[in-house]
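K.L.:
Submitted below is the structure of interest, expressed as structure tokens.
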Amino acid sequence: MSSTPALHEEIGAYFDRLWPLLRSITGDGVRKTHDVLSEIIPLERIEIPTGTEVFDWEVPKEWVVRDAYLIDPNGKRILDVWENNLHLVNYSVPYNGELTLSELDEHLYSVPNLREAIPYVSSYYTPRWGFCLSQQQRDSLPDGRYQVVVDTEHVDGSMTLGELVLPGQEQTEVLISTYTCHPSMANNELSGPLVAAFLYRKLAELEHRRLTYRFVFLPETIGSLAYLAIRGDHLKEQMMAGYVVTCVGDDGPFTYKRSRLGTSLGDRAAEHVLDGDGGSVHVESSVLDFFPNAGSDERQYCSPGFNLPVGSLMRTMYAKYPEYHTSLDNREFISFPAMCESVEIYFKILISLEMNRKYQNLYPYGEPQLGKRNLYSNLGIKNVDQERSAILWLLNLSDGVHDLLSISSQSGIEISVIHAAAQRCVEAKLLEAIQ
Amino acid sequence: MSSTPALHEEIGAYFDRLWPLLRSITGDGVRKTHDVLSEIIPLERIEIPTGTEVFDWEVPKEWVVRDAYLIDPNGKRILDVWENNLHLVNYSVPYNGELTLSELDEHLYSVPNLREAIPYVSSYYTPRWGFCLSQQQRDSLPDGRYQVVVDTEHVDGSMTLGELVLPGQEQTEVLISTYTCHPSMANNELSGPLVAAFLYRKLAELEHRRLTYRFVFLPETIGSLAYLAIRGDHLKEQMMAGYVVTCVGDDGPFTYKRSRLGTSLGDRAAEHVLDGDGGSVHVESSVLDFFPNAGSDERQYCSPGFNLPVGSLMRTMYAKYPEYHTSLDNREFISFPAMCESVEIYFKILISLEMNRKYQNLYPYGEPQLGKRNLYSNLGIKNVDQERSAILWLLNLSDGVHDLLSISSQSGIEISVIHAAAQRCVEAKLLEAIQ
Amino acid sequence: MSSTPALHEEIGAYFDRLWPLLRSITGDGVRKTHDVLSEIIPLERIEIPTGTEVFDWEVPKEWVVRDAYLIDPNGKRILDVWENNLHLVNYSVPYNGELTLSELDEHLYSVPNLREAIPYVSSYYTPRWGFCLSQQQRDSLPDGRYQVVVDTEHVDGSMTLGELVLPGQEQTEVLISTYTCHPSMANNELSGPLVAAFLYRKLAELEHRRLTYRFVFLPETIGSLAYLAIRGDHLKEQMMAGYVVTCVGDDGPFTYKRSRLGTSLGDRAAEHVLDGDGGSVHVESSVLDFFPNAGSDERQYCSPGFNLPVGSLMRTMYAKYPEYHTSLDNREFISFPAMCESVEIYFKILISLEMNRKYQNLYPYGEPQLGKRNLYSNLGIKNVDQERSAILWLLNLSDGVHDLLSISSQSGIEISVIHAAAQRCVEAKLLEAIQ
């Protein structure tokens with residue numbers, strides 16, 4: 001990873017430009033976010049009109065924010081959305097008026113046990129307005145009358161999705177899905193689109209790609225639902241594996257949440273890499289069975305009607321760190337070198353899918369003679385080298401049942417070594433790729 | 001369990017009336033036992049005539065005991081059956097005569113390593129007479145001649161079974177089987193019929209029952225064989241789960257012996273409850289795979305020709321406590337509050353079967369919008385409440401494969417919460433019960 | 001094992017005669033080895049002509065060794081093949097000439113980190129000559145010119161296989177395969193043919209054998225390939241279980257390498273015996289899943305085209321002891337009493353296969369009445385004897401699915417007790433053998 005020093009700085013620079021944008025599920029903040037991401041990768045935009053029905057849902061109006069703040073009894077302007085865009089409850093309806101502190105109080109949100117944190121609160125489907133602030137600040141609000149300005153509007157428009165297909169030699173697809181609807185928070189969510197974008201760039205640099213990669217940048221929930229509405233049938237047919245990229249910015253151990261299927265190819269590849277890729281050095285990580293009661297867009301992809309093979313590789317998972325969904329999930333909480341490592345691990349998983357095939361042994365009766373094909377040292381001595389081991393494993397297990405992931409796991413030999421040995425066997429006409 | 005103080009006293013009072021009755025596999029002792037039990041529940045009697053063939057067996061004659069005792073060389077009356085009904089080998093043939101101590105000796109039974117215990121010995125299928133006594137008493141018997149009186153008779157009559165069906169909305173049945181053939185012993189056996197009877201009463205008090213419950217009170221082995229002879233085909237068709245209730249009177253940890261099937265619905269429900277019902281607080285217990293070489297009537301229900309889903313929930317299992325099958329398995333050995341707890345755990349298991357269903361998600365493509373159905377707080381904040389969790393689990397897993405027991409186990413949410421959430425989803429037309 | 005003292009001496013005497021023979025994959029050393037083994041068992045010889053094609057291979061020429069040694073610069077004769085037949089690289093091509101030490105050096109083989117060991121080196125499929133010596137000796141070779149004499153020849157002839165079929169009442173076969181191609185080494189390989197031969201003798205002494213046993217003594221790899229070429233189809237049809245006997249001479253714990261199938265009858269029987277045969281006393285041992293990248297002829301038997309149920313029971317496995325494939329794998333390394341024990345464990349495994357059957361319960365509805373068939377003590381007392389237990393397990397599990405190995409494992413009762421009980425049940429017409 002010699003490029004890492006430069007890369008983590010590049011990621012950091014994009015992070016700083018994306019950070020202040022006021023994102024929501026719709027609106028200009030999202031579009032500006034996509035503008036920045038489009039400098040990294042050639043993202044294509046899909047606009048879904050307000051009011052479009054997607055399954056049980058409807059695409060909401062665009063949210064326009066012109067201004068939002070309070071004037072306190074001392075005439076001081078506080079909780080200004082342009083100072084910290086978490087101050088305004090996301091998707092707030094407009095309001096203009098004067099309220100006493102106690103009237104105002106039911107529109108205020110804070111976190112009692114994390115006194116310095118401004119919480120992230122949204123209200124997409126019930127009309128509401130409100131302000132978020134630290135418990136410290138809330139406790140110090142003076143009695144009296146407050147001038148409330150929520151100069152917002154909900155207008156007909158469209159919801160913005162970003163899509164990008166990186167074609168490979170085969171039409172079978174791997175989905176990488178991430179979201180772009182949270183305002184200024186770092187691990188959840190900016191780490192997601194940044195890692196996804198740089199992962200794309202790394203894949204695009206490959207000279208040869210067997211698989212096709214589909215990257216999507218969506219507003220969470222309603223965005224993946226809308227995407228499923230237009231691409232669900234295609235995905236059902238073509239998708240081999242998929243991952244929701246989120247919470248990949250901190251330097252904690254990795255967490256893999258399995259797809260609902262539990263043993264899909266995508267699950268196997270992710271766990272294989274985390275498990276040390278046939279070797280004994282595991283990536284520090286834990287693996288969770290699928291759960292639908294919390295999480296991100298895997299909940300939609302893995303709904304029983306689709307049941308797509310979509311898992312999620314994270315580092316410290318949402319709701320597992322106290323800073324989650326607050327102003328403390330910020331630049332200090334994350335690490336750009338850690339994001340580079342997240343890119344690398346995702347890349348390694350995808351490469352293991354690239355390499356994974358099934359082969360048929362064309363000499364299944366006994367071992368073929370490797371020596372005469374220069375695949376075996378002809379001198380019988382003690383040490384068996386790893387390539388010879390890989391070839392013998394391949395020949396024995398290439399029976400139409402086992403793929404290279406399975407052979408790598410069973411043999412304890414890295415999949416890249418197994419893959420290289422398979423190539424030599426194909427050249428020697430001992431094996432034939434069957435899938 | 002606010003009724004427990006009263007309940008355990010009530011159980012104790014019935015226990016004291018059942019204790020002195022001289023039970024055997026046939027005869028008046030059994031009928032008197034059924035008389036007492038019929039004060040608790042409306043037991044219906046089935047009389048199977050002596051000589052009736054049941055599979056490989058034949059219903060034995062009734063045993064009549066008029067008197068049984070010895071006169072020792074000093075003229076003292078000892079081992080009187082009316083003093084302790086364990087003194088007489090159960091089902092003894094008549095005998096009247098005078099024997100030397102050494103002649104008498106081969107008709108005496110004691111337990112050398114439990115010197116104060118009178119063992120329980122029966123001889124149903126080989127004609128024999130004998131007396132049981134403590135090793136202490138045996139060691140002190142004076143030499144000399146003994147007058148033996150075994151004034152018994154085996155007469156044509158019938159074998160008494162008790163049956164009681166508590167109907168529910170569905171014809172699918174749960175079997176509760178217990179036995180009534182052991183003389184004065186407490187854990188094995190009086191705890192069994194008492195817990196079964198009070199469990200019936202608790203079920204009968206339910207306003208609504210989905211399932212039908214079949215309670216049977218039988219002599220062990222020959223009784224369940226006879227019952228299978230007349231009801232086996234019906235049970236094969238209708239039975240969803242069943243339990244043999246025995247050894248449920250002491251305050252030791254629970255023991256669940258699985259049915260021969262091993263993963264039947266009855267096994268799953270019992271283990272689910274013992275495992276803490278989706279929560280982390282397990283009931284102190286152990287689970288055993290089915291074994292046919294010891295046990296009770298599950299051996300008949302689970303014979304390979306029937307292979308019914310019958311397990312057995314016990315506390316300290318037969319043969320696992322030294323007092324088993326002796327006079328020391330008495331009122332001191334058991335605890336009436338523990339019996340109330342046994343009723344409660346059985347009841348909880350049956351309720352979990354009542355609640356267990358499969359549902360079909362009617363909105364399987366993505367998550368349906370819960371907010372507009374008032375099933376979801378519309379304010380996006382951190383905490384996910386348990387009902388929302390339960391609904392999301394239900395929607396995701398209601399695919400025709402998973403039942404509520406499975407969803408409760410996977411989600412770690414109590415089945416009653418899952419069940420209540422399912423009801424709300426059915427009302428909201430999100431789910432439909434399919435089984 | 002009262003015969004053990006005599007037996008281990010007998011094995012030792014044969015060992016001493018087999019030790020000095022210069023074995024290779026072909027040639028007179030192999031034939032002389034078969035001559036000696038034929039004194040123990042009536043081995044039949046199969047000669048496969050040089051040049052015969054077997055799958056991807058060809059039967060090699062016979063190797064004739066007349067002389068092989070060096071004359072060092074001091075005129076001393078060293079590395080004489082007749083002093084230690086490991087000194088000559090096995091299957092060396094002829095050579096006669098004078099070389100400097102540095103020219104000679106590339107034809108010398110030693111083990112740097114095992115300074116006193118002469119390594120075993122062979123070169124069957126690439127024409128090569130060479131000498132093997134201890135690192136100590138190599139380091140002390142004086143500079144100067146060496147006279148090299150490798151008076152060998154490769155001639156048309158045949159490759160020698162030994163085969164021996166011990167018929168049983170049924171045609172179903174158990175294969176015992178071992179190899180006879182290594183020169184003077186003790187654990188790998190002489191322990192193999194010796195244990196196999198004495199195992200045969202023990203089986204031949206049985207009055208009654210249900211199964212047919214096929215013993216083969218082959219050169220490794222090319223021998224089993226040739227054997228599969230002529231008997232593979234027969235084995236596919238008839239073989240129930242098979243074992244490669246190798247490395248069974250030391251007194252270390254047992255190692256069982258599973259067949260590729262993993263749960264074949266042969267695997268189950270071996271693991272059952274090592275696991276203590278239903279009891280709690282395990283044979284000190286470890287079990288390995290099949291691996292194709294190292295090992296012996298199981299690699300050919302378990303190639304995917306055959307996939308025969310062949311495992312391998314060893315003690316300290318090849319490559320797991322430093323003396324492996326060197327002159328230190330000698331008489332001191334092994335133990336003749338340990339070889340006797342290896343015979344016993346193999347015998348126990350084969351006997352468990354002999355006893356293993358499936359039975360059908362002819363009274364599957366409830367338990368049949370054992371008392372009237374004298375299969376049950378008619379006196380109901382506490383202790384259940386083991387035979388009664390065995391009968392009840394048999395009756396419950398004789399449903400066409402479970403065999404005696406399975407019933408022994410589930411019940412924790414030795415298979416011999418289960419088997420004896422099954423015989424009694426067959427006599428009592430309760431069970432019928434079905435397989």
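Please note that chains go A, B, ... in the order of the structure tokens, that every chain numbers its residues from 1, and that ligands are numbered from 1 in the order shown.
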Residues of chain B were defined as contacting chain C if any atom lay at most 8 Å from it, counting only C-alpha atoms; please report them as a list of chain:residue names.
P.N.:
B:Phe55, B:Asp56, B:Trp57, B:Tyr120, B:Val121, B:Ser122, B:Ser123, B:Tyr124, B:Tyr125, B:Thr126, B:Leu225, B:Phe291, B:Pro292, B:Asn293, B:Ala294, B:Arg299, B:Gln300, B:Tyr301, B:Cys302, B:Ser303, B:Pro304, B:Gly305, B:Phe306, B:Ala319, B:His325
K.L.:
Could those selected residues go to a file with N, CA and C atoms, as a PDB file, in the first residue's frame?
P.N.:
ATOM      1  N   PHE B  55     -51.285 -54.821  21.452  1.00  0.00           N
ATOM      2  CA  PHE B  55     -50.032 -55.117  20.776  1.00  0.00           C
ATOM      3  C   PHE B  55     -49.470 -56.447  21.288  1.00  0.00           C
ATOM      4  N   ASP B  56     -48.255 -56.406  21.840  1.00  0.00           N
ATOM      5  CA  ASP B  56     -47.595 -57.636  22.272  1.00  0.00           C
ATOM      6  C   ASP B  56     -47.995 -58.026  23.699  1.00  0.00           C
ATOM      7  N   TRP B  57     -48.898 -57.294  24.298  1.00  0.00           N
ATOM      8  CA  TRP B  57     -49.194 -57.460  25.721  1.00  0.00           C
ATOM      9  C   TRP B  57     -50.662 -57.846  25.934  1.00  0.00           C
ATOM     10  N   TYR B 120     -39.112 -49.854  46.687  1.00  0.00           N
ATOM     11  CA  TYR B 120     -40.351 -50.129  45.971  1.00  0.00           C
ATOM     12  C   TYR B 120     -40.052 -51.235  44.962  1.00  0.00           C
ATOM     13  N   VAL B 121     -40.741 -52.402  45.132  1.00  0.00           N
ATOM     14  CA  VAL B 121     -40.526 -53.540  44.239  1.00  0.00           C
ATOM     15  C   VAL B 121     -41.881 -54.005  43.717  1.00  0.00           C
ATOM     16  N   SER B 122     -41.916 -54.298  42.405  1.00  0.00           N
ATOM     17  CA  SER B 122     -43.160 -54.819  41.833  1.00  0.00           C
ATOM     18  C   SER B 122     -42.834 -56.041  40.993  1.00  0.00           C
ATOM     19  N   SER B 123     -43.807 -56.886  40.817  1.00  0.00           N
ATOM     20  CA  SER B 123     -43.607 -58.055  39.952  1.00  0.00           C
ATOM     21  C   SER B 123     -44.912 -58.338  39.223  1.00  0.00           C
ATOM     22  N   TYR B 124     -45.098 -57.617  38.131  1.00  0.00           N
ATOM     23  CA  TYR B 124     -46.385 -57.698  37.439  1.00  0.00           C
ATOM     24  C   TYR B 124     -46.524 -58.944  36.572  1.00  0.00           C
ATOM     25  N   TYR B 125     -45.433 -59.352  35.956  1.00  0.00           N
ATOM     26  CA  TYR B 125     -45.591 -60.357  34.907  1.00  0.00           C
ATOM     27  C   TYR B 125     -45.012 -61.717  35.271  1.00  0.00           C
ATOM     28  N   THR B 126     -44.429 -61.826  36.491  1.00  0.00           N
ATOM     29  CA  THR B 126     -44.023 -63.137  36.999  1.00  0.00           C
ATOM     30  C   THR B 126     -44.680 -63.314  38.358  1.00  0.00           C
ATOM     31  N   LEU B 225     -49.581 -48.296  26.499  1.00  0.00           N
ATOM     32  CA  LEU B 225     -49.768 -49.232  25.384  1.00  0.00           C
ATOM     33  C   LEU B 225     -51.247 -49.393  25.052  1.00  0.00           C
ATOM     34  N   PHE B 291     -33.710 -41.202  25.061  1.00  0.00           N
ATOM     35  CA  PHE B 291     -33.103 -42.516  25.285  1.00  0.00           C
ATOM     36  C   PHE B 291     -34.235 -43.475  25.618  1.00  0.00           C
ATOM     37  N   PRO B 292     -34.190 -44.700  25.068  1.00  0.00           N
ATOM     38  CA  PRO B 292     -35.312 -45.631  25.247  1.00  0.00           C
ATOM     39  C   PRO B 292     -35.072 -46.655  26.347  1.00  0.00           C
ATOM     40  N   ASN B 293     -33.887 -46.671  26.929  1.00  0.00           N
ATOM     41  CA  ASN B 293     -33.548 -47.766  27.846  1.00  0.00           C
ATOM     42  C   ASN B 293     -33.952 -47.497  29.275  1.00  0.00           C
ATOM     43  N   ALA B 294     -34.498 -46.347  29.544  1.00  0.00           N
ATOM     44  CA  ALA B 294     -35.033 -46.029  30.865  1.00  0.00           C
ATOM     45  C   ALA B 294     -36.033 -44.929  30.617  1.00  0.00           C
ATOM     46  N   ARG B 299     -41.359 -43.881  26.184  1.00  0.00           N
ATOM     47  CA  ARG B 299     -40.783 -45.046  25.494  1.00  0.00           C
ATOM     48  C   ARG B 299     -41.820 -45.700  24.586  1.00  0.00           C
ATOM     49  N   GLN B 300     -43.067 -45.694  25.005  1.00  0.00           N
ATOM     50  CA  GLN B 300     -44.132 -46.275  24.179  1.00  0.00           C
ATOM     51  C   GLN B 300     -44.558 -45.291  23.077  1.00  0.00           C
ATOM     52  N   TYR B 301     -44.776 -44.035  23.482  1.00  0.00           N
ATOM     53  CA  TYR B 301     -45.215 -43.045  22.481  1.00  0.00           C
ATOM     54  C   TYR B 301     -44.156 -42.890  21.374  1.00  0.00           C
ATOM     55  N   CYS B 302     -42.896 -43.025  21.779  1.00  0.00           N
ATOM     56  CA  CYS B 302     -41.796 -42.831  20.819  1.00  0.00           C
ATOM     57  C   CYS B 302     -41.265 -44.147  20.269  1.00  0.00           C
ATOM     58  N   SER B 303     -42.007 -45.239  20.435  1.00  0.00           N
ATOM     59  CA  SER B 303     -41.574 -46.474  19.774  1.00  0.00           C
ATOM     60  C   SER B 303     -41.624 -46.215  18.266  1.00  0.00           C
ATOM     61  N   PRO B 304     -40.776 -46.915  17.502  1.00  0.00           N
ATOM     62  CA  PRO B 304     -40.615 -46.511  16.094  1.00  0.00           C
ATOM     63  C   PRO B 304     -41.889 -46.588  15.270  1.00  0.00           C
ATOM     64  N   GLY B 305     -42.826 -47.457  15.630  1.00  0.00           N
ATOM     65  CA  GLY B 305     -44.073 -47.544  14.885  1.00  0.00           C
ATOM     66  C   GLY B 305     -44.950 -46.314  15.065  1.00  0.00           C
ATOM     67  N   PHE B 306     -44.851 -45.658  16.238  1.00  0.00           N
ATOM     68  CA  PHE B 306     -45.626 -44.443  16.457  1.00  0.00           C
ATOM     69  C   PHE B 306     -44.771 -43.190  16.252  1.00  0.00           C
ATOM     70  N   ALA B 319     -34.070 -42.087  38.865  1.00  0.00           N
ATOM     71  CA  ALA B 319     -32.770 -42.772  38.941  1.00  0.00           C
ATOM     72  C   ALA B 319     -31.605 -41.816  39.134  1.00  0.00           C
ATOM     73  N   HIS B 325     -37.598 -44.480  43.970  1.00  0.00           N
ATOM     74  CA  HIS B 325     -38.169 -45.823  44.144  1.00  0.00           C
ATOM     75  C   HIS B 325     -37.899 -46.393  45.531  1.00  0.00           C
TER      76      HIS B 325
END
K.L.:
Step one, run DSSP on the backbone; step two, keep only residues of range 158-330 of chain B assigned to helix (DSSP H, G or I); then write them as an MDAnalysis selection string.
P.N.:
chainID B and resid 186:204 222:238 265:274 298:301
K.L.:
Which residue is closest to Ser285 in chain A? Choose from A:Glu354, A:Glu39, A:Asp297, A:Asp251 and count only C-alpha atoms.
P.N.:
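Going through A:Glu354, A:Glu39, A:Asp297, A:Asp251 one by one, the smallest distance to Ser285 in chain A is for A:Asp251.
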K.L.:
Mind checking DSSP for range 163-337 of chain A and telling me the strand (DSSP E) residues as a PyMOL selection string?
P.N.:
chain A and resi 163-166+173-179+212-218+239-244+254-257+285-288+310-314
K.L.:
Could those selected residues go to a file with C-alpha atoms, as a tab-separated table (two decimals), in the first residue's frame?
P.N.:
chain	number	residue	atom	x	y	z
A	163	GLU	CA	-25.45	4.85	-10.22
A	164	LEU	CA	-22.31	3.60	-11.91
A	165	VAL	CA	-21.73	0.31	-13.63
A	166	LEU	CA	-18.16	-0.89	-14.17
A	173	GLU	CA	-22.78	-8.37	-10.93
A	174	VAL	CA	-21.48	-7.31	-7.57
A	175	LEU	CA	-23.42	-4.50	-5.93
A	176	ILE	CA	-21.78	-1.83	-3.80
A	177	SER	CA	-24.40	0.33	-2.12
A	178	THR	CA	-23.87	3.34	0.08
A	179	TYR	CA	-25.93	6.33	1.14
A	212	THR	CA	-19.40	-6.41	-13.47
A	213	TYR	CA	-19.64	-3.96	-10.56
A	214	ARG	CA	-22.65	-1.82	-9.83
A	215	PHE	CA	-22.11	1.11	-7.47
A	216	VAL	CA	-25.09	2.99	-6.06
A	217	PHE	CA	-25.20	6.14	-3.93
A	218	LEU	CA	-28.71	6.57	-2.53
A	239	MET	CA	-26.39	-10.24	-8.72
A	240	MET	CA	-23.86	-12.64	-7.27
A	241	ALA	CA	-22.90	-10.63	-4.20
A	242	GLY	CA	-23.47	-7.25	-2.68
A	243	TYR	CA	-22.37	-5.08	0.21
A	244	VAL	CA	-23.72	-2.02	1.96
A	254	PHE	CA	-14.22	-4.94	11.26
A	255	THR	CA	-17.81	-6.12	11.64
A	256	TYR	CA	-19.44	-8.20	8.95
A	257	LYS	CA	-23.21	-8.45	8.93
A	285	SER	CA	-13.24	-8.77	13.13
A	286	SER	CA	-16.55	-10.21	14.18
A	287	VAL	CA	-19.37	-11.67	12.13
A	288	LEU	CA	-23.07	-11.15	12.81
A	310	VAL	CA	-26.36	-8.33	0.30
A	311	GLY	CA	-24.30	-8.14	3.47
A	312	SER	CA	-22.49	-5.21	5.01
A	313	LEU	CA	-18.86	-4.86	5.97
A	314	MET	CA	-18.37	-2.19	8.57
K.L.:
Point out the residue among B:Ser110, B:Thr172, B:Thr180, B:Gln136 with the least atom-to-atom distance to Ser24 in chain B, counting only C-alpha atoms.
P.N.:
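For Ser24 in chain B, the nearest of the candidates is B:Thr180.
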K.L.:
Using only C-alpha atoms, which residue out of B:Tyr200, B:Gln137, B:Gly249, B:Phe131 lies closest to Leu43 in chain B?
P.N.:
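Residue with the minimum atom-to-atom distance to Leu43 in chain B: B:Tyr200.
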K.L.:
Might you pull out every residue within 10 Å of range 159-162 of chain A, with only C-alpha atoms counted and same-chain residues fewer than 3 positions away left off, and present them as number ranges by chain?
P.N.:
A: 25-28, 30-31, 34, 37-38, 42-52, 59-62, 156, 177-180, 215-219, 222-224, 226-227
K.L.:
Near Asp151 in chain C, counting only C-alpha atoms, which residues have an atom at most 12 Å away, once you skip same-chain residues fewer than 6 positions from it, shown as a ChimeraX atom specification?
P.N.:
/C:63-70,80-81,88,91-97,129
